[in-house]
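Visitor: Provided herewith: my_file05.pdb, PDB, C-alpha atoms, pLDDT in the B column.
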MODEL        1
ATOM      1  CA  MET A 238    -147.452 168.264-147.280  1.00 52.00           C
ATOM      2  CA  ALA A 239    -147.965 167.061-150.859  1.00 47.00           C
ATOM      3  CA  PRO A 240    -145.990 164.074-152.177  1.00 47.00           C
ATOM      4  CA  PRO A 241    -143.165 164.869-154.581  1.00 45.00           C
ATOM      5  CA  PRO A 242    -144.170 164.888-158.246  1.00 43.00           C
ATOM      6  CA  SER A 243    -143.735 161.654-160.155  1.00 50.00           C
ATOM      7  CA  THR A 244    -140.851 161.550-162.620  1.00 51.00           C
ATOM      8  CA  VAL A 245    -142.357 158.657-164.577  1.00 73.00           C
ATOM      9  CA  VAL A 246    -143.034 159.606-168.184  1.00 75.00           C
ATOM     10  CA  SER A 247    -146.504 159.086-169.620  1.00 81.00           C
ATOM     11  CA  PRO A 248    -146.920 155.871-171.630  1.00 82.00           C
ATOM     12  CA  PHE A 249    -148.335 158.019-174.452  1.00 87.00           C
ATOM     13  CA  VAL A 250    -145.087 160.013-174.693  1.00 89.00           C
ATOM     14  CA  SER A 251    -143.101 156.762-174.627  1.00 89.00           C
ATOM     15  CA  LEU A 252    -145.288 155.404-177.410  1.00 91.00           C
ATOM     16  CA  ILE A 253    -144.664 158.480-179.578  1.00 95.00           C
ATOM     17  CA  VAL A 254    -140.891 158.119-179.116  1.00 95.00           C
ATOM     18  CA  ARG A 255    -141.078 154.393-179.970  1.00 95.00           C
ATOM     19  CA  ILE A 256    -143.107 155.124-183.109  1.00 96.00           C
ATOM     20  CA  LEU A 257    -140.598 157.790-184.201  1.00 97.00           C
ATOM     21  CA  THR A 258    -137.804 155.275-183.649  1.00 97.00           C
ATOM     22  CA  PHE A 259    -139.614 152.684-185.749  1.00 97.00           C
ATOM     23  CA  VAL A 260    -140.250 155.124-188.602  1.00 98.00           C
ATOM     24  CA  CYS A 261    -136.591 156.213-188.718  1.00 98.00           C
ATOM     25  CA  LEU A 262    -135.326 152.640-188.659  1.00 98.00           C
ATOM     26  CA  ILE A 263    -137.736 151.264-191.258  1.00 98.00           C
ATOM     27  CA  ILE A 264    -136.904 154.074-193.691  1.00 98.00           C
ATOM     28  CA  SER A 265    -133.201 153.547-192.990  1.00 97.00           C
ATOM     29  CA  LEU A 266    -133.549 149.836-193.770  1.00 97.00           C
ATOM     30  CA  ILE A 267    -135.478 150.508-196.975  1.00 97.00           C
ATOM     31  CA  LEU A 268    -132.913 153.044-198.178  1.00 97.00           C
ATOM     32  CA  LEU A 269    -130.023 150.770-197.339  1.00 96.00           C
ATOM     33  CA  THR A 270    -131.408 147.644-198.973  1.00 96.00           C
ATOM     34  CA  THR A 271    -132.348 149.487-202.157  1.00 94.00           C
ATOM     35  CA  ALA A 272    -129.019 151.344-202.484  1.00 91.00           C
ATOM     36  CA  THR A 273    -127.205 150.308-205.625  1.00 86.00           C
ATOM     37  CA  GLY A 274    -124.616 151.878-207.824  1.00 81.00           C
ATOM     38  CA  THR A 275    -122.436 151.176-210.807  1.00 78.00           C
ATOM     39  CA  ALA A 276    -118.733 151.685-210.527  1.00 73.00           C
ATOM     40  CA  SER A 277    -117.178 152.243-213.927  1.00 70.00           C
ATOM     41  CA  ASN A 278    -113.471 151.721-214.094  1.00 64.00           C
ATOM     42  CA  SER A 279    -111.152 151.187-217.042  1.00 66.00           C
ATOM     43  CA  ASP A 280    -109.576 148.160-215.343  1.00 67.00           C
ATOM     44  CA  TYR A 281    -112.770 146.351-214.291  1.00 65.00           C
ATOM     45  CA  GLY A 282    -115.485 147.755-216.540  1.00 71.00           C
ATOM     46  CA  ASP A 283    -118.904 148.330-214.991  1.00 77.00           C
ATOM     47  CA  VAL A 284    -119.315 146.769-211.570  1.00 76.00           C
ATOM     48  CA  LYS A 285    -122.715 146.773-209.835  1.00 83.00           C
ATOM     49  CA  ILE A 286    -122.356 147.518-206.120  1.00 85.00           C
ATOM     50  CA  LYS A 287    -124.849 146.853-203.337  1.00 89.00           C
ATOM     51  CA  PHE A 288    -124.802 147.376-199.593  1.00 90.00           C
ATOM     52  CA  LYS A 289    -124.111 143.643-199.100  1.00 92.00           C
ATOM     53  CA  ASP A 290    -120.693 144.104-200.683  1.00 90.00           C
ATOM     54  CA  PHE A 291    -119.381 146.057-197.664  1.00 92.00           C
ATOM     55  CA  LYS A 292    -119.096 144.947-194.044  1.00 94.00           C
ATOM     56  CA  ALA A 293    -119.929 148.352-192.571  1.00 94.00           C
ATOM     57  CA  PHE A 294    -123.216 148.474-194.465  1.00 95.00           C
ATOM     58  CA  ARG A 295    -124.064 144.886-193.560  1.00 96.00           C
ATOM     59  CA  TYR A 296    -123.456 145.849-189.920  1.00 97.00           C
ATOM     60  CA  LEU A 297    -125.760 148.851-190.359  1.00 97.00           C
ATOM     61  CA  CYS A 298    -128.408 146.512-191.772  1.00 97.00           C
ATOM     62  CA  ALA A 299    -128.057 144.112-188.830  1.00 97.00           C
ATOM     63  CA  ALA A 300    -128.121 146.972-186.318  1.00 98.00           C
ATOM     64  CA  THR A 301    -131.242 148.397-187.933  1.00 98.00           C
ATOM     65  CA  VAL A 302    -133.027 145.033-187.924  1.00 98.00           C
ATOM     66  CA  ILE A 303    -132.130 144.498-184.242  1.00 98.00           C
ATOM     67  CA  GLY A 304    -133.399 148.004-183.481  1.00 97.00           C
ATOM     68  CA  LEU A 305    -136.626 147.365-185.388  1.00 98.00           C
ATOM     69  CA  VAL A 306    -137.355 144.080-183.604  1.00 98.00           C
ATOM     70  CA  TYR A 307    -136.649 145.610-180.200  1.00 97.00           C
ATOM     71  CA  THR A 308    -138.729 148.702-181.008  1.00 97.00           C
ATOM     72  CA  LEU A 309    -141.683 146.596-182.180  1.00 97.00           C
ATOM     73  CA  LEU A 310    -141.566 144.602-178.949  1.00 95.00           C
ATOM     74  CA  GLN A 311    -141.355 147.727-176.813  1.00 93.00           C
ATOM     75  CA  THR A 312    -144.119 149.411-178.809  1.00 93.00           C
ATOM     76  CA  ALA A 313    -146.411 146.447-178.181  1.00 92.00           C
ATOM     77  CA  LEU A 314    -145.595 146.523-174.465  1.00 89.00           C
ATOM     78  CA  THR A 315    -146.200 150.275-174.361  1.00 88.00           C
ATOM     79  CA  LEU A 316    -149.558 149.825-176.101  1.00 90.00           C
ATOM     80  CA  ILE A 317    -150.529 147.237-173.477  1.00 88.00           C
ATOM     81  CA  HIS A 318    -149.482 149.657-170.736  1.00 82.00           C
ATOM     82  CA  LEU A 319    -151.437 152.460-172.363  1.00 84.00           C
ATOM     83  CA  SER A 320    -154.624 150.411-172.848  1.00 85.00           C
ATOM     84  CA  THR A 321    -154.686 148.598-169.489  1.00 83.00           C
ATOM     85  CA  GLY A 322    -152.984 151.151-167.274  1.00 76.00           C
ATOM     86  CA  ASN A 323    -150.647 148.442-165.963  1.00 73.00           C
ATOM     87  CA  ARG A 324    -147.150 147.562-167.097  1.00 74.00           C
ATOM     88  CA  PHE A 325    -146.887 144.139-168.729  1.00 71.00           C
ATOM     89  CA  GLY A 326    -144.927 141.933-166.340  1.00 70.00           C
ATOM     90  CA  GLY A 327    -145.281 144.457-163.541  1.00 67.00           C
ATOM     91  CA  ASP A 328    -142.224 146.269-162.293  1.00 67.00           C
ATOM     92  CA  GLY A 329    -140.012 143.252-162.971  1.00 70.00           C
ATOM     93  CA  LEU A 330    -139.501 144.218-166.610  1.00 79.00           C
ATOM     94  CA  VAL A 331    -138.365 147.748-165.785  1.00 82.00           C
ATOM     95  CA  TYR A 332    -134.735 146.643-165.760  1.00 84.00           C
ATOM     96  CA  ILE A 333    -135.123 144.875-169.113  1.00 85.00           C
ATOM     97  CA  ASP A 334    -136.554 148.095-170.569  1.00 87.00           C
ATOM     98  CA  PHE A 335    -133.700 150.141-169.166  1.00 88.00           C
ATOM     99  CA  TYR A 336    -130.819 147.855-170.140  1.00 92.00           C
ATOM    100  CA  GLY A 337    -132.428 146.882-173.439  1.00 93.00           C
ATOM    101  CA  ASP A 338    -132.675 150.537-174.408  1.00 94.00           C
ATOM    102  CA  LYS A 339    -129.003 151.005-173.501  1.00 95.00           C
ATOM    103  CA  VAL A 340    -127.796 148.015-175.519  1.00 96.00           C
ATOM    104  CA  VAL A 341    -129.927 148.784-178.584  1.00 97.00           C
ATOM    105  CA  SER A 342    -128.927 152.448-178.557  1.00 96.00           C
ATOM    106  CA  PHE A 343    -125.233 151.474-178.577  1.00 97.00           C
ATOM    107  CA  ILE A 344    -125.799 149.002-181.416  1.00 97.00           C
ATOM    108  CA  LEU A 345    -127.580 151.661-183.475  1.00 97.00           C
ATOM    109  CA  ALA A 346    -124.916 154.279-182.736  1.00 97.00           C
ATOM    110  CA  THR A 347    -122.078 151.998-183.813  1.00 97.00           C
ATOM    111  CA  GLY A 348    -123.953 150.897-186.935  1.00 96.00           C
ATOM    112  CA  GLY A 349    -124.559 154.472-188.025  1.00 96.00           C
ATOM    113  CA  ALA A 350    -121.021 155.582-187.174  1.00 96.00           C
ATOM    114  CA  ALA A 351    -119.384 152.690-189.043  1.00 95.00           C
ATOM    115  CA  SER A 352    -121.478 153.474-192.099  1.00 95.00           C
ATOM    116  CA  PHE A 353    -120.586 157.156-191.993  1.00 90.00           C
ATOM    117  CA  GLY A 354    -116.928 156.174-191.934  1.00 91.00           C
ATOM    118  CA  MET A 355    -117.484 153.968-194.955  1.00 90.00           C
ATOM    119  CA  THR A 356    -119.217 156.741-196.904  1.00 90.00           C
ATOM    120  CA  GLN A 357    -116.299 159.072-196.175  1.00 88.00           C
ATOM    121  CA  ASP A 358    -113.914 156.461-197.561  1.00 85.00           C
ATOM    122  CA  PHE A 359    -116.106 156.207-200.655  1.00 83.00           C
ATOM    123  CA  LYS A 360    -116.031 159.975-201.111  1.00 80.00           C
ATOM    124  CA  ASN A 361    -112.234 159.807-201.078  1.00 79.00           C
ATOM    125  CA  LEU A 362    -112.336 157.009-203.673  1.00 74.00           C
ATOM    126  CA  ILE A 363    -114.493 159.097-205.969  1.00 70.00           C
ATOM    127  CA  VAL A 364    -111.854 161.806-205.983  1.00 60.00           C
ATOM    128  CA  ILE A 365    -108.923 159.405-206.373  1.00 58.00           C
ATOM    129  CA  GLU A 366    -110.353 156.827-208.765  1.00 62.00           C
ATOM    130  CA  GLY A 367    -112.931 158.909-210.596  1.00 58.00           C
ATOM    131  CA  LEU A 368    -115.743 156.454-209.755  1.00 64.00           C
ATOM    132  CA  ASP A 369    -119.339 157.528-210.263  1.00 68.00           C
ATOM    133  CA  ILE A 370    -121.121 156.073-207.257  1.00 80.00           C
ATOM    134  CA  SER A 371    -122.450 159.311-205.806  1.00 82.00           C
ATOM    135  CA  HIS A 372    -126.095 158.105-205.761  1.00 85.00           C
ATOM    136  CA  PHE A 373    -125.056 155.002-203.810  1.00 88.00           C
ATOM    137  CA  ILE A 374    -123.101 157.143-201.341  1.00 90.00           C
ATOM    138  CA  ARG A 375    -125.948 159.616-200.821  1.00 91.00           C
ATOM    139  CA  THR A 376    -128.446 156.807-200.250  1.00 94.00           C
ATOM    140  CA  THR A 377    -126.263 154.950-197.737  1.00 94.00           C
ATOM    141  CA  GLU A 378    -125.437 158.227-196.019  1.00 94.00           C
ATOM    142  CA  ALA A 379    -129.160 158.931-195.631  1.00 96.00           C
ATOM    143  CA  ALA A 380    -129.662 155.427-194.214  1.00 96.00           C
ATOM    144  CA  ALA A 381    -126.853 155.991-191.703  1.00 96.00           C
ATOM    145  CA  SER A 382    -128.322 159.388-190.747  1.00 96.00           C
ATOM    146  CA  LEU A 383    -131.728 157.876-190.058  1.00 97.00           C
ATOM    147  CA  CYS A 384    -130.119 155.097-188.024  1.00 97.00           C
ATOM    148  CA  LEU A 385    -128.386 157.723-185.895  1.00 96.00           C
ATOM    149  CA  LEU A 386    -131.665 159.581-185.503  1.00 97.00           C
ATOM    150  CA  GLY A 387    -133.203 156.283-184.376  1.00 97.00           C
ATOM    151  CA  PHE A 388    -130.330 156.000-181.895  1.00 97.00           C
ATOM    152  CA  LEU A 389    -131.262 159.394-180.443  1.00 97.00           C
ATOM    153  CA  PHE A 390    -134.880 158.306-179.984  1.00 97.00           C
ATOM    154  CA  VAL A 391    -133.820 155.059-178.275  1.00 96.00           C
ATOM    155  CA  ALA A 392    -131.464 157.069-176.050  1.00 95.00           C
ATOM    156  CA  ILE A 393    -134.413 159.277-175.095  1.00 95.00           C
ATOM    157  CA  SER A 394    -136.422 156.124-174.337  1.00 93.00           C
ATOM    158  CA  SER A 395    -133.536 154.967-172.169  1.00 92.00           C
ATOM    159  CA  ILE A 396    -133.745 158.175-170.171  1.00 91.00           C
ATOM    160  CA  PHE A 397    -137.497 157.694-169.816  1.00 89.00           C
ATOM    161  CA  SER A 398    -137.056 154.093-168.667  1.00 86.00           C
ATOM    162  CA  SER A 399    -134.471 155.194-166.092  1.00 85.00           C
ATOM    163  CA  PHE A 400    -137.214 157.251-164.428  1.00 84.00           C
ATOM    164  CA  SER A 401    -139.171 154.014-163.841  1.00 78.00           C
ATOM    165  CA  LEU A 402    -136.336 152.273-162.011  1.00 77.00           C
ATOM    166  CA  PRO A 403    -136.972 151.669-158.315  1.00 72.00           C
ATOM    167  CA  LYS A 404    -135.453 154.353-156.116  1.00 72.00           C
ATOM    168  CA  ARG A 405    -132.803 153.163-153.667  1.00 62.00           C
ATOM    169  CA  ALA A 406    -132.505 154.717-150.261  1.00 51.00           C
TER     170      ALA A 406
ENDMDL
END
Turn the structure described in the file into structure tokens.
Guide:
Amino acid sequence: MAPPPSTVVSPFVSLIVRILTFVCLIISLILLTTATGTASNSDYGDVKIKFKDFKAFRYLCAATVIGLVYTLLQTALTLIHLSTGNRFGGDGLVYIDFYGDKVVSFILATGGAASFGMTQDFKNLIVIEGLDISHFIRTTEAAASLCLLGFLFVAISSIFSSFSLPKRA
């Protein structure tokens, strides 16, 4: 009788998912940090706005940076696994992979969701106040979208890392 098939995902597939995560997050960070706009209002004149002016966007920036650092670390570990055929740290780091993926995916999801909420509030302000910050809104919305796409890739990595957990009888 043949042994049951392994449910462990190839390190190459894991590497591709990590690279896709990195690309989404780096583009999200670039878009977010370069997003600027000018709010013209009769009461205040022209006011230059940046992502740093809003807590939701600062949270998105922090979430993206955390996701990038974690993804770089995991990509390096996956490259080691791919080149040597052995997991760095043996099976002891399997739990760190699994729980790290969970935590980072939640951070990315909340960062993207908070930013989407903020962009919706801005869209309402445009209608009410007549502000012209549509370029700023579109750019931050794109950054939030890419962060959420990065969340999906980390969630997929989390599923992959769950396959590597030791089976309990």
Visitor: Identify which of the residues A:Pro403, A:Gly349, A:Pro248, A:Gly282 lies closest to Ser320 (chain A), counting only C-alpha atoms when measuring atom-to-atom distances.
Guide: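 Counting only C-alpha atoms, the residue closest to Ser320 (chain A) is A:Pro248.
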Visitor: Between A:Tyr296, A:Tyr307, A:Phe288, A:Phe359, single out the one closest to Tyr336 (chain A), counting only C-alpha atoms.
Guide: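 The answer is A:Tyr307, which sits nearest to Tyr336 (chain A).
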Visitor: Evaluate the PyMOL selection byres ((chain A and resi 306) around 12) here and jot the selected residues down as a list in words.
Guide: Arg255, Thr258, Phe259, Leu262, Ile263, Ala299, Ala300, Thr301, Val302, Ile303, Gly304, Leu305, Tyr307, Thr308, Leu309, Leu310, Gln311, Thr312, Ala313, Gly337 and Val341 of chain A
Visitor: Ranking A:Ala392, A:Ile286, A:Ile344, A:Leu297 by minimum distance to Ile267 (chain A) and counting only C-alpha atoms, which one comes first?
Guide: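 Under the stated criterion, the closest residue is A:Leu297.
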Visitor: Quick one, how far is CA of Leu402 (chain A) from CA of Val331 (chain A)?
Guide: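 It comes out at 6.2 Å.
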Visitor: State, in Å with one decimal place, the distance from CA of Thr347 (chain A) to CA of Cys298 (chain A).
Guide: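 A separation of 11.6 Å between them.
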Visitor: Identify which of the residues A:Gly329, A:Gly354, A:Gly348, A:Gly322 lies closest to Leu386 (chain A), counting all atoms listed in the file when measuring atom-to-atom distances.
Guide: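 Going through A:Gly329, A:Gly354, A:Gly348, A:Gly322 one by one, the smallest distance to Leu386 (chain A) is for A:Gly348.
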